[in-house]
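Visitor: One structure is given below, represented as structure tokens, and several questions about it will come after.
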Amino acid sequence: MESVQHSSTQRDAVRELRLHLVTWNVGTASPPPDVSSLLQLDSLSPAMDMYVIGLQEVNSKITNFLSDLAFDDPWSIFFMSVLSPLGYIKLSSVRMQGLLLLVFVKHAHLPFVRDVHTHYTRTGLYGYWGNKGGVTIRMSLYGRTVCFINCHLPAHMENTEQRLDDFEKILEMQFEEENIPSTLDHDVLFWFGDLNFRIADYGIHFVRESINSKRYNLLWEKDQLNMAKKKEAFLQEFIEGPLQFKPTYKFDLHSDVYDTSEKKRKPAWTDRILWRVKSLCQRALKEDDFSEEEQTISVTLNNYISHMSYGISDHKPVTGTFGLELKPLLSDPLVTLSPEGEWSAEHDVLISYSAVPGFPSSAWDWIGLFKVTFRHANDYVTYAWVEDDEISSNEDSKQVYMSAAEIPDVGGEFLLCYYSNNLQSIVGISQPFQIQPNRTLIGKDPAQEENAWMQKPDNLEPHNEF
């Protein structure tokens, strides 16, 4: 796992983050065997700092949906199983019927991601049924506000105006929590999904011939989203990369052949990724020169591609890889913490931590012990309440203990996280460290010991919505 050191001298430094965004209408299918190319895990480029994954048409039959509400759905479990061994945690997720939005971040950024909130907006059947609409996750990232909206807009060639009306409704939604900016007031807003815009006017033969000859530019001016951007002021603030890939709809399953059914749908770029930078919109409104000092965040598109090898649905997934350059407002974590001495299950262990002045601590704050491959904030091995389990305190730091009985006998590589109940997020994370195996168990089956330890009851577990 990468380590990040922060100091107040970095406050004015520009931080560069790599963001990989996926949109995919999965057509109620189960996850494919491998997503290495989709997530660019086989790339020689530097690792991503954040993954944002927007799916549409996740299986939402009543039986599936009710069981998925009680437990993570198969797609969330799948992406966690891929990304958690690589040092990413599921920061947040939001589901509305077939719409699913997941955000994963590298461990090192966790203390600097705050005010995470989710929302969903139904637009299908006059807003009463969630088969169409948008799901949103917003956050403060190093003090800068970022918002992600995954949409599934109405289908069919003739419904352009309905698509635009629905998107405007989604943009107008307000977060329920106080002091959260409106969608368009975020520093950066990403809009993506199965937006369902089609290619107007041209017949299917001209469209297919243009695609076969890779003359995609012949089709751009009749793309309904491009046409709408010329007329609608609110769309002109959104930026999109060039459509240098085949239209991503509609394909025969498990092939790269366009629709051969009786309907023979005309190919279209239904699956899109756009973004909006608030300061660029403000610059456009100003007549005087825009100072570079006012540019607190910038977005660079590194690539915008489709992935033709995936055939589980009639859409091909689309990804955008972005560079986010921002001037951080936060440079120090709210809490720093570390294990004291050598850890093993042979004795009680100690944790030292310190918080910044004015930190809004709570009796419900807790410190979790996590495997380094943990999936989300509730995926702890054990935990200590910071007040109930405190054994010493002074101006500089506090100490909390964990009972030997709670420490895994088999040992391994772990880390500690401080969870703030008031802020509803992890606000401090330790460096990885080793727990030594329990030497009294030499000769016993480690797998059996771990299973027995994992089944120990606990009646006061902290639980957080993620």
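Residues are named by chain letter and number: chains run A, B, ... in the order of the structure tokens, numbers start at 1 in each chain, and ligands are numbered from 1 in the order shown.
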Compile a residue-level contact table for range 298-380 of chain A against range 260-272 of chain A at a cut-off of 10 Å, reporting for every qualifying residue the shortest atom pair and its distance in Å to one decimal, with only C-alpha atoms counted, rows ordered by chain and ascending number, as a Markdown table.
Guide:
| residue | atom | partner | partner_atom | distance |
| --- | --- | --- | --- | --- |
| A:Tyr304 | CA | A:Arg272 | CA | 9.4 |
| A:Ile305 | CA | A:Arg272 | CA | 9.9 |
| A:Ser306 | CA | A:Asp271 | CA | 9.1 |
| A:His315 | CA | A:Asp271 | CA | 8.0 |
| A:Lys316 | CA | A:Asp271 | CA | 8.1 |
| A:Pro317 | CA | A:Asp271 | CA | 7.5 |
| A:Val318 | CA | A:Asp271 | CA | 6.6 |
| A:Thr319 | CA | A:Arg272 | CA | 8.7 |
| A:Gly320 | CA | A:Arg272 | CA | 9.2 |
Visitor: Using only C-alpha atoms, which residues sit within 12 Å of Gln236 in chain A once same-chain residues fewer than 3 positions away are excluded, as a PyMOL selection string?
Guide: chain A and resi 225-233+239-240+274-277+280-281+284
Visitor: How would the residues just picked look written out with all heavy atoms as a compact mmCIF listing (two decimals), in the first residue's frame?
Guide:
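As a result, out-v1.txt now contains:
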# COMPACT_ATOMS: atom_id res chain seq x y z
N LEU A 225 -27.04 14.04 -28.48
CA LEU A 225 -26.45 14.79 -27.37
C LEU A 225 -25.62 15.95 -27.90
O LEU A 225 -25.70 17.08 -27.39
CB LEU A 225 -25.61 13.86 -26.49
CG LEU A 225 -24.92 14.52 -25.28
CD1 LEU A 225 -25.91 15.28 -24.40
CD2 LEU A 225 -24.18 13.47 -24.45
N ASN A 226 -24.85 15.71 -28.95
CA ASN A 226 -24.08 16.81 -29.56
C ASN A 226 -25.01 17.89 -30.10
O ASN A 226 -24.74 19.10 -29.98
CB ASN A 226 -23.20 16.29 -30.68
CG ASN A 226 -22.01 15.50 -30.16
OD1 ASN A 226 -21.64 15.63 -29.00
ND2 ASN A 226 -21.43 14.68 -31.02
N MET A 227 -26.13 17.48 -30.70
CA MET A 227 -27.09 18.45 -31.22
C MET A 227 -27.71 19.26 -30.08
O MET A 227 -27.87 20.48 -30.18
CB MET A 227 -28.17 17.72 -32.02
CG MET A 227 -27.65 17.07 -33.30
SD MET A 227 -28.82 15.84 -34.00
CE MET A 227 -30.09 16.93 -34.64
N ALA A 228 -28.04 18.58 -28.99
CA ALA A 228 -28.67 19.27 -27.85
C ALA A 228 -27.71 20.25 -27.20
O ALA A 228 -28.12 21.32 -26.72
CB ALA A 228 -29.15 18.24 -26.82
N LYS A 229 -26.41 19.90 -27.19
CA LYS A 229 -25.42 20.79 -26.56
C LYS A 229 -25.32 22.14 -27.29
O LYS A 229 -24.95 23.15 -26.70
CB LYS A 229 -24.04 20.12 -26.53
CG LYS A 229 -23.92 19.06 -25.44
CD LYS A 229 -22.52 18.47 -25.38
CE LYS A 229 -21.53 19.46 -24.81
NZ LYS A 229 -20.18 18.88 -24.64
N LYS A 230 -25.66 22.16 -28.57
CA LYS A 230 -25.62 23.42 -29.32
C LYS A 230 -26.80 24.32 -28.97
O LYS A 230 -26.73 25.54 -29.15
CB LYS A 230 -25.61 23.13 -30.82
CG LYS A 230 -24.35 22.44 -31.30
CD LYS A 230 -24.44 22.08 -32.78
CE LYS A 230 -23.17 21.37 -33.24
NZ LYS A 230 -23.26 20.94 -34.66
N LYS A 231 -27.88 23.73 -28.44
CA LYS A 231 -29.10 24.49 -28.17
C LYS A 231 -29.30 24.79 -26.68
O LYS A 231 -29.83 25.85 -26.32
CB LYS A 231 -30.32 23.72 -28.67
CG LYS A 231 -30.35 23.48 -30.17
CD LYS A 231 -31.59 22.66 -30.54
CE LYS A 231 -31.63 22.33 -32.01
NZ LYS A 231 -32.79 21.46 -32.34
N GLU A 232 -28.95 23.84 -25.83
CA GLU A 232 -29.27 23.93 -24.40
C GLU A 232 -28.10 24.53 -23.63
O GLU A 232 -27.02 23.94 -23.58
CB GLU A 232 -29.61 22.54 -23.83
CG GLU A 232 -30.75 21.84 -24.54
CD GLU A 232 -32.10 22.43 -24.18
OE1 GLU A 232 -32.17 23.21 -23.20
OE2 GLU A 232 -33.09 22.12 -24.87
N ALA A 233 -28.34 25.68 -23.00
CA ALA A 233 -27.25 26.38 -22.29
C ALA A 233 -26.67 25.52 -21.17
O ALA A 233 -25.44 25.48 -20.97
CB ALA A 233 -27.77 27.70 -21.74
N ILE A 239 -18.36 18.98 -20.65
CA ILE A 239 -17.30 18.67 -21.61
C ILE A 239 -17.30 17.16 -21.83
O ILE A 239 -17.52 16.37 -20.91
CB ILE A 239 -15.93 19.12 -21.04
CG1 ILE A 239 -15.96 20.60 -20.66
CG2 ILE A 239 -14.82 18.84 -22.05
CD1 ILE A 239 -14.78 21.02 -19.78
N GLU A 240 -17.02 16.76 -23.07
CA GLU A 240 -16.88 15.34 -23.38
C GLU A 240 -15.68 15.16 -24.30
O GLU A 240 -15.40 16.02 -25.14
CB GLU A 240 -18.14 14.79 -24.05
CG GLU A 240 -18.07 13.28 -24.32
CD GLU A 240 -19.31 12.73 -25.00
OE1 GLU A 240 -20.07 13.51 -25.62
OE2 GLU A 240 -19.52 11.50 -24.93
N LEU A 274 -19.32 12.60 -19.28
CA LEU A 274 -19.07 14.03 -19.42
C LEU A 274 -18.70 14.61 -18.07
O LEU A 274 -18.92 13.98 -17.03
CB LEU A 274 -20.31 14.75 -19.96
CG LEU A 274 -20.81 14.35 -21.36
CD1 LEU A 274 -21.84 13.24 -21.25
CD2 LEU A 274 -21.40 15.55 -22.10
N TRP A 275 -18.15 15.80 -18.08
CA TRP A 275 -17.79 16.44 -16.82
C TRP A 275 -17.96 17.95 -16.93
O TRP A 275 -18.02 18.51 -18.02
CB TRP A 275 -16.38 16.07 -16.38
CG TRP A 275 -15.27 16.64 -17.20
CD1 TRP A 275 -14.52 17.75 -16.92
CD2 TRP A 275 -14.76 16.13 -18.45
NE1 TRP A 275 -13.59 17.97 -17.91
CE2 TRP A 275 -13.71 16.99 -18.85
CE3 TRP A 275 -15.10 15.05 -19.25
CZ2 TRP A 275 -13.00 16.78 -20.02
CZ3 TRP A 275 -14.38 14.83 -20.43
CH2 TRP A 275 -13.35 15.70 -20.81
N ARG A 276 -18.04 18.58 -15.78
CA ARG A 276 -18.26 20.03 -15.70
C ARG A 276 -17.39 20.59 -14.57
O ARG A 276 -17.43 20.09 -13.45
CB ARG A 276 -19.73 20.32 -15.41
CG ARG A 276 -20.09 21.79 -15.22
CD ARG A 276 -21.54 21.89 -14.78
NE ARG A 276 -22.02 23.25 -14.64
CZ ARG A 276 -21.89 23.98 -13.54
NH1 ARG A 276 -21.30 23.48 -12.46
NH2 ARG A 276 -22.37 25.22 -13.50
N VAL A 277 -16.59 21.59 -14.87
CA VAL A 277 -15.73 22.23 -13.88
C VAL A 277 -16.32 23.60 -13.55
O VAL A 277 -16.45 24.46 -14.43
CB VAL A 277 -14.28 22.38 -14.39
CG1 VAL A 277 -13.39 23.02 -13.34
CG2 VAL A 277 -13.72 21.00 -14.78
N LEU A 280 -14.51 26.85 -14.53
CA LEU A 280 -14.51 27.17 -15.97
C LEU A 280 -15.81 27.85 -16.36
O LEU A 280 -15.82 28.74 -17.21
CB LEU A 280 -14.32 25.89 -16.79
CG LEU A 280 -12.96 25.20 -16.69
CD1 LEU A 280 -12.94 23.98 -17.59
CD2 LEU A 280 -11.83 26.16 -17.05
N CYS A 281 -16.91 27.43 -15.73
CA CYS A 281 -18.20 28.08 -16.00
C CYS A 281 -18.19 29.52 -15.49
O CYS A 281 -18.70 30.43 -16.13
CB CYS A 281 -19.33 27.30 -15.33
SG CYS A 281 -19.42 25.58 -15.86
N ALA A 284 -16.23 31.73 -17.82
CA ALA A 284 -16.98 32.09 -19.03
C ALA A 284 -17.93 33.25 -18.77
O ALA A 284 -18.22 34.03 -19.67
CB ALA A 284 -17.77 30.87 -19.52
Visitor: Residues of range 318-384 of chain A that approach range 91-109 of chain A to 9 Å or less, counting only C-alpha atoms: could you list each one with the shortest pair of atoms and its distance in Å to one decimal, rows by chain and increasing residue number, as JSON lines?
Guide:
{"residue": "A:Arg375", "atom": "CA", "partner": "A:Leu91", "partner_atom": "CA", "distance": 9.0}
{"residue": "A:His376", "atom": "CA", "partner": "A:Leu91", "partner_atom": "CA", "distance": 6.6}
{"residue": "A:Ala377", "atom": "CA", "partner": "A:Leu91", "partner_atom": "CA", "distance": 7.8}
Visitor: Show me, as a PyMOL selection string, the residues that have an atom within 12 Å of Leu83 in chain A when counting only C-alpha atoms, minus same-chain residues fewer than 5 positions from it.
Guide: chain A and resi 35-36+39-41+47-53+76-78+88-91+102-107+372-376
Visitor: Give me, please, the distance in Å between CA of Tyr120 in chain A and CA of Val135 in chain A, quoted to one decimal.
Guide: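 If I compute the distance from CA of Tyr120 in chain A to CA of Val135 in chain A, I get 4.3 Å.
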Visitor: Determine, counting only C-alpha atoms, which protein, DNA and RNA residues have an atom within 9 Å of an atom of Tyr380 in chain A; residues of the same chain fewer than 6 positions away are not included. Present the result as a PyMOL selection string.
Guide: chain A and resi 368-371+374
Visitor: Could you tell me which of A:Pro432, A:Pro437, A:Gly323, A:Pro328 comes closest to Trp343 in chain A if we count only C-alpha atoms?
Guide: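 Counting only C-alpha atoms, the residue closest to Trp343 in chain A is A:Pro437.
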Visitor: Looking at A:Ile391, A:Leu195, A:Leu110, A:Ile312, which one is nearest to Asp252 in chain A, with distances taken over only C-alpha atoms?
Guide: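 Looking at the shortest contact to Asp252 in chain A, the residue is A:Ile312.
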Visitor: Which one of A:Asp314, A:Leu243, A:Lys214, A:Val116 sits closest to Tyr258 in chain A if you count only C-alpha atoms?
Guide: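 Ranking A:Asp314, A:Leu243, A:Lys214, A:Val116 by distance to Tyr258 in chain A, first place goes to A:Asp314.
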Visitor: Just list as a PyMOL selection string whatever in range 205-328 of chain A DSSP marks as helix (DSSP H, G or I).
Guide: chain A and resi 205-212+217-220+224-231+233-236+278-285+292-294
Visitor: Let me see the file: selected residues, N, CA, C and O atoms, as a CSV table (one decimal), in the first residue's frame.
Guide:
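File result_17.csv, as written:
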chain,number,residue,atom,x,y,z
A,205,HIS,N,-28.0,2.0,-42.9
A,205,HIS,CA,-26.9,1.6,-43.8
A,205,HIS,C,-25.8,2.6,-43.8
A,205,HIS,O,-24.6,2.2,-43.8
A,206,PHE,N,-26.1,3.9,-43.8
A,206,PHE,CA,-25.1,4.9,-43.8
A,206,PHE,C,-24.3,4.9,-42.5
A,206,PHE,O,-23.1,5.0,-42.4
A,207,VAL,N,-25.1,4.7,-41.4
A,207,VAL,CA,-24.4,4.6,-40.1
A,207,VAL,C,-23.5,3.4,-40.0
A,207,VAL,O,-22.3,3.6,-39.6
A,208,ARG,N,-23.9,2.3,-40.4
A,208,ARG,CA,-23.1,1.1,-40.3
A,208,ARG,C,-21.9,1.2,-41.2
A,208,ARG,O,-20.7,0.8,-40.9
A,209,GLU,N,-22.0,1.8,-42.4
A,209,GLU,CA,-20.9,2.0,-43.4
A,209,GLU,C,-19.9,2.9,-42.8
A,209,GLU,O,-18.7,2.7,-42.9
A,210,SER,N,-20.4,4.0,-42.2
A,210,SER,CA,-19.4,5.0,-41.5
A,210,SER,C,-18.7,4.3,-40.4
A,210,SER,O,-17.5,4.6,-40.2
A,211,ILE,N,-19.3,3.4,-39.7
A,211,ILE,CA,-18.6,2.7,-38.6
A,211,ILE,C,-17.6,1.8,-39.1
A,211,ILE,O,-16.5,1.7,-38.7
A,212,ASN,N,-18.0,1.0,-40.1
A,212,ASN,CA,-17.1,0.0,-40.7
A,212,ASN,C,-15.8,0.7,-41.3
A,212,ASN,O,-14.7,0.1,-41.3
A,217,ASN,N,-16.5,10.5,-37.4
A,217,ASN,CA,-16.8,12.0,-37.4
A,217,ASN,C,-18.0,12.3,-38.3
A,217,ASN,O,-18.6,13.3,-38.1
A,218,LEU,N,-18.3,11.5,-39.3
A,218,LEU,CA,-19.5,11.7,-40.1
A,218,LEU,C,-20.8,11.6,-39.3
A,218,LEU,O,-21.8,12.2,-39.8
A,219,LEU,N,-20.7,11.0,-38.2
A,219,LEU,CA,-21.9,10.7,-37.4
A,219,LEU,C,-22.1,11.7,-36.3
A,219,LEU,O,-23.1,11.8,-35.7
A,220,TRP,N,-21.0,12.4,-35.9
A,220,TRP,CA,-21.0,13.2,-34.7
A,220,TRP,C,-22.1,14.3,-34.7
A,220,TRP,O,-22.7,14.5,-33.7
A,224,GLN,N,-27.6,12.9,-31.0
A,224,GLN,CA,-28.6,13.8,-30.4
A,224,GLN,C,-28.0,14.6,-29.2
A,224,GLN,O,-28.5,15.7,-28.9
A,225,LEU,N,-27.0,14.0,-28.5
A,225,LEU,CA,-26.5,14.8,-27.4
A,225,LEU,C,-25.6,16.0,-27.9
A,225,LEU,O,-25.7,17.1,-27.4
A,226,ASN,N,-24.9,15.7,-29.0
A,226,ASN,CA,-24.1,16.8,-29.6
A,226,ASN,C,-25.0,17.9,-30.1
A,226,ASN,O,-24.7,19.1,-30.0
A,227,MET,N,-26.1,17.5,-30.7
A,227,MET,CA,-27.1,18.4,-31.2
A,227,MET,C,-27.7,19.3,-30.1
A,227,MET,O,-27.9,20.5,-30.2
A,228,ALA,N,-28.0,18.6,-29.0
A,228,ALA,CA,-28.7,19.3,-27.8
A,228,ALA,C,-27.7,20.2,-27.2
A,228,ALA,O,-28.1,21.3,-26.7
A,229,LYS,N,-26.4,19.9,-27.2
A,229,LYS,CA,-25.4,20.8,-26.6
A,229,LYS,C,-25.3,22.1,-27.3
A,229,LYS,O,-24.9,23.1,-26.7
A,230,LYS,N,-25.7,22.2,-28.6
A,230,LYS,CA,-25.6,23.4,-29.3
A,230,LYS,C,-26.8,24.3,-29.0
A,230,LYS,O,-26.7,25.5,-29.2
A,231,LYS,N,-27.9,23.7,-28.4
A,231,LYS,CA,-29.1,24.5,-28.2
A,231,LYS,C,-29.3,24.8,-26.7
A,231,LYS,O,-29.8,25.8,-26.3
A,233,ALA,N,-28.3,25.7,-23.0
A,233,ALA,CA,-27.3,26.4,-22.3
A,233,ALA,C,-26.7,25.5,-21.2
A,233,ALA,O,-25.4,25.5,-21.0
A,234,PHE,N,-27.5,24.8,-20.4
A,234,PHE,CA,-27.0,24.1,-19.3
A,234,PHE,C,-26.1,22.9,-19.7
A,234,PHE,O,-25.3,22.5,-19.0
A,235,LEU,N,-26.3,22.4,-20.9
A,235,LEU,CA,-25.5,21.3,-21.4
A,235,LEU,C,-24.1,21.8,-22.0
A,235,LEU,O,-23.2,21.1,-22.0
A,236,GLN,N,-24.1,23.1,-22.4
A,236,GLN,CA,-22.9,23.6,-22.9
A,236,GLN,C,-21.7,23.7,-21.9
A,236,GLN,O,-20.6,23.8,-22.3
A,278,LYS,N,-16.7,23.8,-12.3
A,278,LYS,CA,-17.4,25.0,-11.9
A,278,LYS,C,-16.6,26.3,-12.2
A,278,LYS,O,-17.2,27.2,-12.7
A,279,SER,N,-15.3,26.2,-12.0
A,279,SER,CA,-14.5,27.5,-12.2
A,279,SER,C,-14.4,27.8,-13.6
A,279,SER,O,-14.3,29.0,-14.0
A,280,LEU,N,-14.5,26.8,-14.5
A,280,LEU,CA,-14.5,27.2,-16.0
A,280,LEU,C,-15.8,27.9,-16.4
A,280,LEU,O,-15.8,28.7,-17.2
A,281,CYS,N,-16.9,27.4,-15.7
A,281,CYS,CA,-18.2,28.1,-16.0
A,281,CYS,C,-18.2,29.5,-15.5
A,281,CYS,O,-18.7,30.4,-16.1
A,282,GLN,N,-17.6,29.7,-14.3
A,282,GLN,CA,-17.5,31.1,-13.8
A,282,GLN,C,-16.6,32.0,-14.6
A,282,GLN,O,-16.9,33.1,-14.8
A,283,ARG,N,-15.5,31.3,-15.2
A,283,ARG,CA,-14.6,32.1,-16.0
A,283,ARG,C,-15.4,32.6,-17.3
A,283,ARG,O,-15.2,33.7,-17.7
A,284,ALA,N,-16.2,31.7,-17.8
A,284,ALA,CA,-17.0,32.1,-19.0
A,284,ALA,C,-17.9,33.3,-18.8
A,284,ALA,O,-18.2,34.0,-19.7
A,285,LEU,N,-18.4,33.4,-17.5
A,285,LEU,CA,-19.3,34.5,-17.2
A,285,LEU,C,-18.6,35.8,-17.0
A,285,LEU,O,-19.2,36.9,-17.0
A,292,GLU,N,-5.0,32.5,-12.9
A,292,GLU,CA,-4.7,31.1,-12.7
A,292,GLU,C,-4.8,30.8,-11.2
A,292,GLU,O,-5.0,29.6,-10.9
A,293,GLU,N,-4.6,31.8,-10.4
A,293,GLU,CA,-4.7,31.5,-8.9
A,293,GLU,C,-6.1,31.0,-8.5
A,293,GLU,O,-6.3,30.3,-7.5
A,294,GLU,N,-7.1,31.5,-9.3
A,294,GLU,CA,-8.5,31.1,-9.0
A,294,GLU,C,-8.8,29.7,-9.4
A,294,GLU,O,-9.8,29.1,-9.0
Visitor: Considering only C-alpha atoms, can you say which of A:Gly241, A:Gly54, A:Pro154, A:Pro333 comes closest to Thr321 in chain A?
Guide: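 Ranked by minimum distance to Thr321 in chain A, first place goes to A:Gly241.
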Visitor: Taking only C-alpha atoms into account, name the residue in A:Val14, A:Leu164, A:Leu330, A:Ile204 that is nearest to Asp259 in chain A.
Guide: A:Ile204
Visitor: To one decimal place in Å, what is the distance between CA of Gln434 in chain A and CA of Gly411 in chain A?
Guide: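 CA of Gln434 in chain A sits 7.2 Å away from CA of Gly411 in chain A.
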